[in-house]
There are 2 protein chains.
Amino acid sequence: MMSTDVNKPAAAVRPTKQRMAVARILESFADFRSAQEIHAMLTAAGETVGLATVYRTLQLMAESGDLDVLRTEDGEAAYRRCSATHHHHLVCRSCGATVEIEGPAVERWAEAISAEHGYTEISHTLELFGTCASCR
Amino acid sequence: MMSTDVNKPAAAVRPTKQRMAVARILESFADFRSAQEIHAMLTAAGETVGLATVYRTLQLMAESGDLDVLRTEDGEAAYRRCSATHHHHLVCRSCGATVEIEGPAVERWAEAISAEHGYTEISHTLELFGTCASCR
DNA sequence: ATCGGTTTGACAACGGTTCTCATTACGAAT
DNA sequence: ATTCGTAATGAGAACCGTTGTCAAACCGAT
């Protein structure tokens, strides 16, 4: 094996103590958390990792595709460990519970409509927000 | 007539000089601009409207559905006058040119998939970013 | 152990947005 | 027109998430 290992954050990235701590804590939850929340969790867990380092690590991991990023409705970034495939999320507005969803049809639609208007190098953001069953 | 008039920003909102100035400037462009850009345009046009007022007016108008809002990829809010129907946007990453798109299929898909997971009161964000033909 | 490039952490700086609050404008009633 | 109660404004401070700075600590190959 050579990547996507819990104890080895990313490819050419040095597996430092703090990066491993971040990677590890990311395994402990399944929904989206902000950088600050993650930093707080680390601190609470007795790890001493600087806030700046958390931010840096998070964006490193996001860039190398190890992490999902989404912008909450008020513009903050939230992170979550990533399952390799491209997908979107259905997030509960009040408790944050997340369901990973796939929409091959949407992907195709996005590609098609973009091409139709002469746009290339398409990327898209798609998030669903709602109230989940137990928060009803 | 009674609403959606250029000179009467919103329903129970007082049509003040500055609100009208904001509404008017919004008619002068068709793509998305940030609150600060809009404020700068107003100032450049000789209108004296405070930045805070621009922010307040913009979010008022957005709430009452007179404006489209979108979050750029780096989390800032951008506004644009709104065509009444629900729709999404295909935005050029380099010049900001915007194409308004509709995706009834996507709407239906979003509803369906949310219901399927027991989520209610669904809202969604969907934006496409790409490079337009003339920026190629 | 040593050395050179990485990474870290504390804290300052930033940029967008929101808040505060005294002042002003609105518009309904007089 | 004048008055009055309320909503709106503006200037600036405050906020908050995020990014930058830079000296000190760390990693790992030698």
# chains A, B, ... in the order shown; residues from 1 in each chain; ligands from 1
$ select_by_dssp --residues "chain A" --states "strand (DSSP E or B)" --output "PyMOL selection string"
chain A and resi 5+8+33-34+67-71+77-81+88-92+98-101+120-131
$ closest_atom_pairs --of "chain D" --to "chain A" --cutoff "12 Å" --atoms "only C-alpha atoms (C1' of nucleotides)" --output "Markdown table"
| residue | atom | partner | partner_atom | distance |
| --- | --- | --- | --- | --- |
| D:DC16 | C1' | A:Glu76 | CA | 10.2 |
| D:DG17 | C1' | A:Glu76 | CA | 7.2 |
| D:DT18 | C1' | A:Tyr55 | CA | 8.2 |
| D:DT19 | C1' | A:Ala52 | CA | 8.4 |
| D:DG20 | C1' | A:Ala52 | CA | 10.0 |
| D:DT21 | C1' | A:Ala52 | CA | 11.7 |
| D:DC26 | C1' | A:Thr16 | CA | 8.7 |
| D:DC27 | C1' | A:Arg14 | CA | 8.1 |
| D:DG28 | C1' | A:Arg14 | CA | 10.0 |
$ write_last_selection --atoms "N, CA and C atoms (P, O5', C5', C4', C3', O3' and C1' of nucleotides)" --output "short mmCIF file (atom, residue, chain, number, x, y, z; two decimals), in the first residue's frame"
data_model
loop_
_atom_site.label_atom_id
_atom_site.label_comp_id
_atom_site.auth_asym_id
_atom_site.auth_seq_id
_atom_site.Cartn_x
_atom_site.Cartn_y
_atom_site.Cartn_z
P DC D 16 -17.38 36.70 17.97
"O5'" DC D 16 -17.26 35.83 16.66
"C5'" DC D 16 -17.64 36.37 15.38
"C4'" DC D 16 -16.98 35.56 14.31
"C3'" DC D 16 -16.13 34.39 14.81
"O3'" DC D 16 -16.33 33.32 13.93
"C1'" DC D 16 -14.79 35.84 13.53
P DG D 17 -15.84 31.84 14.24
"O5'" DG D 17 -15.13 31.48 12.87
"C5'" DG D 17 -15.87 31.56 11.67
"C4'" DG D 17 -14.94 31.76 10.52
"C3'" DG D 17 -13.88 30.67 10.37
"O3'" DG D 17 -13.87 30.28 9.00
"C1'" DG D 17 -12.84 32.79 10.46
P DT D 18 -12.97 29.07 8.52
"O5'" DT D 18 -11.67 29.86 8.08
"C5'" DT D 18 -11.79 30.87 7.08
"C4'" DT D 18 -10.48 31.59 6.91
"C3'" DT D 18 -9.27 30.67 6.67
"O3'" DT D 18 -8.84 30.93 5.34
"C1'" DT D 18 -8.78 32.46 8.17
P DT D 19 -7.60 30.12 4.74
"O5'" DT D 19 -6.45 31.19 4.94
"C5'" DT D 19 -6.62 32.49 4.41
"C4'" DT D 19 -5.40 33.33 4.74
"C3'" DT D 19 -4.07 32.67 4.37
"O3'" DT D 19 -3.33 33.65 3.64
"C1'" DT D 19 -4.03 33.43 6.61
P DG D 20 -1.86 33.38 3.13
"O5'" DG D 20 -0.99 34.24 4.15
"C5'" DG D 20 -1.14 35.65 4.14
"C4'" DG D 20 -0.20 36.28 5.16
"C3'" DG D 20 1.27 35.90 4.96
"O3'" DG D 20 2.04 37.09 5.05
"C1'" DG D 20 0.57 35.37 7.18
P DT D 21 3.62 37.00 4.87
"O5'" DT D 21 4.11 36.89 6.37
"C5'" DT D 21 3.67 37.86 7.32
"C4'" DT D 21 4.55 37.83 8.56
"C3'" DT D 21 6.00 37.42 8.28
"O3'" DT D 21 6.85 38.23 9.10
"C1'" DT D 21 5.03 35.93 9.86
P DC D 26 11.02 19.64 19.32
"O5'" DC D 26 10.98 19.33 17.77
"C5'" DC D 26 9.77 19.57 17.05
"C4'" DC D 26 9.83 18.85 15.72
"C3'" DC D 26 10.44 17.44 15.82
"O3'" DC D 26 9.58 16.57 15.12
"C1'" DC D 26 11.58 18.73 14.18
P DC D 27 9.81 14.98 15.07
"O5'" DC D 27 10.31 14.77 13.58
"C5'" DC D 27 9.53 15.29 12.50
"C4'" DC D 27 10.20 14.96 11.19
"C3'" DC D 27 10.76 13.54 11.13
"O3'" DC D 27 10.24 12.92 9.97
"C1'" DC D 27 12.45 15.18 10.59
P DG D 28 10.35 11.36 9.81
"O5'" DG D 28 11.64 11.25 8.87
"C5'" DG D 28 11.74 12.07 7.71
"C4'" DG D 28 13.15 11.99 7.16
"C3'" DG D 28 13.80 10.59 7.28
"O3'" DG D 28 14.73 10.47 6.21
"C1'" DG D 28 15.13 12.10 8.37
#
$ residues_around --residues "Ser123 of chain A" --least-positions-apart "4" --cutoff "8 Å" --atoms "only C-alpha atoms (C1' of nucleotides)" --output "VMD selection string"
chain B and resid 128 to 130
$ interface_residues --of "chain B" --to "chain A" --cutoff "12 Å" --atoms "only C-alpha atoms" --output "VMD selection string"
chain B and resid 69 to 78 88 to 136
$ interface_residues --of "chain C" --to "chain B" --cutoff "12 Å" --atoms "only C-alpha atoms (C1' of nucleotides)" --output "list in words"
DG15, DG16, DT17, DT18, DC19, DT20, DA25, DC26 and DG27 of chain C
$ select_by_dssp --residues "chain A" --states "alpha helix (DSSP H)" --output "NGL selection string"
:A and (17-26 or 35-44 or 51-63 or 104-116)
$ write_last_selection --atoms "N, CA and C atoms" --output "short mmCIF file (atom, residue, chain, number, x, y, z; two decimals), in the first residue's frame"
data_model
loop_
_atom_site.label_atom_id
_atom_site.label_comp_id
_atom_site.auth_asym_id
_atom_site.auth_seq_id
_atom_site.Cartn_x
_atom_site.Cartn_y
_atom_site.Cartn_z
N LYS A 17 3.70 14.37 14.05
CA LYS A 17 2.83 14.05 15.17
C LYS A 17 1.48 14.76 15.03
N GLN A 18 1.55 16.08 14.73
CA GLN A 18 0.29 16.83 14.68
C GLN A 18 -0.56 16.46 13.48
N ARG A 19 0.07 16.16 12.36
CA ARG A 19 -0.74 15.76 11.20
C ARG A 19 -1.43 14.42 11.47
N MET A 20 -0.71 13.55 12.17
CA MET A 20 -1.32 12.28 12.48
C MET A 20 -2.46 12.46 13.46
N ALA A 21 -2.27 13.41 14.37
CA ALA A 21 -3.33 13.67 15.35
C ALA A 21 -4.58 14.16 14.62
N VAL A 22 -4.39 15.04 13.66
CA VAL A 22 -5.53 15.56 12.92
C VAL A 22 -6.20 14.43 12.15
N ALA A 23 -5.39 13.64 11.47
CA ALA A 23 -5.93 12.54 10.69
C ALA A 23 -6.71 11.59 11.59
N ARG A 24 -6.17 11.37 12.78
CA ARG A 24 -6.80 10.43 13.69
C ARG A 24 -8.14 10.94 14.18
N ILE A 25 -8.14 12.22 14.55
CA ILE A 25 -9.40 12.77 15.08
C ILE A 25 -10.47 12.76 14.00
N LEU A 26 -10.05 12.91 12.77
CA LEU A 26 -11.02 12.92 11.67
C LEU A 26 -11.73 11.57 11.54
N ALA A 35 -12.89 23.86 11.15
CA ALA A 35 -11.50 23.77 11.56
C ALA A 35 -11.36 24.05 13.05
N GLN A 36 -12.10 25.03 13.51
CA GLN A 36 -12.00 25.40 14.91
C GLN A 36 -12.54 24.30 15.82
N GLU A 37 -13.62 23.68 15.40
CA GLU A 37 -14.16 22.58 16.19
C GLU A 37 -13.14 21.46 16.27
N ILE A 38 -12.52 21.18 15.15
CA ILE A 38 -11.53 20.12 15.12
C ILE A 38 -10.36 20.46 16.03
N HIS A 39 -9.97 21.71 15.99
CA HIS A 39 -8.89 22.14 16.86
C HIS A 39 -9.28 21.97 18.33
N ALA A 40 -10.51 22.33 18.64
CA ALA A 40 -10.99 22.19 20.01
C ALA A 40 -11.01 20.72 20.43
N MET A 41 -11.42 19.85 19.52
CA MET A 41 -11.46 18.43 19.84
C MET A 41 -10.06 17.92 20.15
N LEU A 42 -9.10 18.38 19.36
CA LEU A 42 -7.73 17.96 19.58
C LEU A 42 -7.25 18.41 20.95
N THR A 43 -7.53 19.66 21.24
CA THR A 43 -7.11 20.21 22.52
C THR A 43 -7.76 19.43 23.67
N ALA A 44 -9.06 19.19 23.51
CA ALA A 44 -9.79 18.46 24.54
C ALA A 44 -9.22 17.06 24.71
N LEU A 51 -3.59 26.10 16.20
CA LEU A 51 -4.72 26.32 15.33
C LEU A 51 -4.27 26.48 13.88
N ALA A 52 -3.21 27.23 13.68
CA ALA A 52 -2.70 27.44 12.32
C ALA A 52 -2.35 26.11 11.68
N THR A 53 -1.77 25.24 12.46
CA THR A 53 -1.39 23.94 11.94
C THR A 53 -2.62 23.13 11.53
N VAL A 54 -3.66 23.25 12.33
CA VAL A 54 -4.89 22.54 11.99
C VAL A 54 -5.39 23.04 10.64
N TYR A 55 -5.45 24.34 10.48
CA TYR A 55 -5.89 24.91 9.21
C TYR A 55 -5.02 24.41 8.07
N ARG A 56 -3.71 24.49 8.26
CA ARG A 56 -2.80 24.08 7.19
C ARG A 56 -3.00 22.62 6.84
N THR A 57 -3.06 21.80 7.86
CA THR A 57 -3.19 20.36 7.62
C THR A 57 -4.50 20.05 6.91
N LEU A 58 -5.54 20.70 7.38
CA LEU A 58 -6.84 20.46 6.79
C LEU A 58 -6.85 20.81 5.31
N GLN A 59 -6.26 21.95 4.97
CA GLN A 59 -6.31 22.27 3.55
C GLN A 59 -5.36 21.43 2.72
N LEU A 60 -4.28 21.00 3.34
CA LEU A 60 -3.39 20.08 2.64
C LEU A 60 -4.14 18.80 2.30
N MET A 61 -4.78 18.26 3.30
CA MET A 61 -5.50 17.01 3.12
C MET A 61 -6.64 17.17 2.13
N ALA A 62 -7.27 18.32 2.17
CA ALA A 62 -8.38 18.56 1.26
C ALA A 62 -7.86 18.61 -0.18
N GLU A 63 -6.73 19.29 -0.36
CA GLU A 63 -6.16 19.41 -1.70
C GLU A 63 -5.76 18.05 -2.26
N PRO A 104 -25.15 10.64 -10.20
CA PRO A 104 -24.55 10.55 -11.52
C PRO A 104 -25.34 11.36 -12.56
N ALA A 105 -26.63 11.39 -12.39
CA ALA A 105 -27.46 12.13 -13.33
C ALA A 105 -27.12 13.61 -13.26
N VAL A 106 -26.93 14.09 -12.05
CA VAL A 106 -26.60 15.50 -11.87
C VAL A 106 -25.25 15.82 -12.49
N GLU A 107 -24.30 14.93 -12.28
CA GLU A 107 -22.96 15.14 -12.85
C GLU A 107 -23.07 15.29 -14.35
N ARG A 108 -23.80 14.37 -14.94
CA ARG A 108 -23.93 14.39 -16.39
C ARG A 108 -24.63 15.66 -16.84
N TRP A 109 -25.66 16.01 -16.12
CA TRP A 109 -26.41 17.22 -16.43
C TRP A 109 -25.49 18.44 -16.37
N ALA A 110 -24.67 18.51 -15.33
CA ALA A 110 -23.76 19.63 -15.16
C ALA A 110 -22.79 19.73 -16.34
N GLU A 111 -22.24 18.61 -16.69
CA GLU A 111 -21.30 18.58 -17.82
C GLU A 111 -21.98 19.06 -19.10
N ALA A 112 -23.13 18.48 -19.32
CA ALA A 112 -23.86 18.78 -20.55
C ALA A 112 -24.22 20.25 -20.66
N ILE A 113 -24.81 20.76 -19.62
CA ILE A 113 -25.28 22.14 -19.67
C ILE A 113 -24.12 23.12 -19.80
N SER A 114 -22.99 22.76 -19.18
CA SER A 114 -21.82 23.63 -19.24
C SER A 114 -21.26 23.65 -20.65
N ALA A 115 -21.13 22.49 -21.22
CA ALA A 115 -20.60 22.37 -22.58
C ALA A 115 -21.50 23.15 -23.53
N GLU A 116 -22.75 22.99 -23.31
CA GLU A 116 -23.76 23.66 -24.12
C GLU A 116 -23.57 25.18 -24.15
#
$ atom_distance --atom1 "atom C1' of DT6 of chain D" --atom2 "atom C1' of DT24 of chain C"
12.1 Å
$ residues_around --residues "Ser83 of chain A" --least-positions-apart "2" --cutoff "10 Å" --atoms "only C-alpha atoms (C1' of nucleotides)" --output "list in words"
Gly65, Asp66, Leu67, Asp68, Arg80, Arg81, Thr85, His86, His87 and Glu100 of chain A
$ atom_distance --atom1 "atom CA of Thr48 of chain A" --atom2 "atom C1' of DC22 of chain D"
20.1 Å
$ atom_distance --atom1 "atom C1' of DA23 of chain D" --atom2 "atom C1' of DC11 of chain C"
12.4 Å
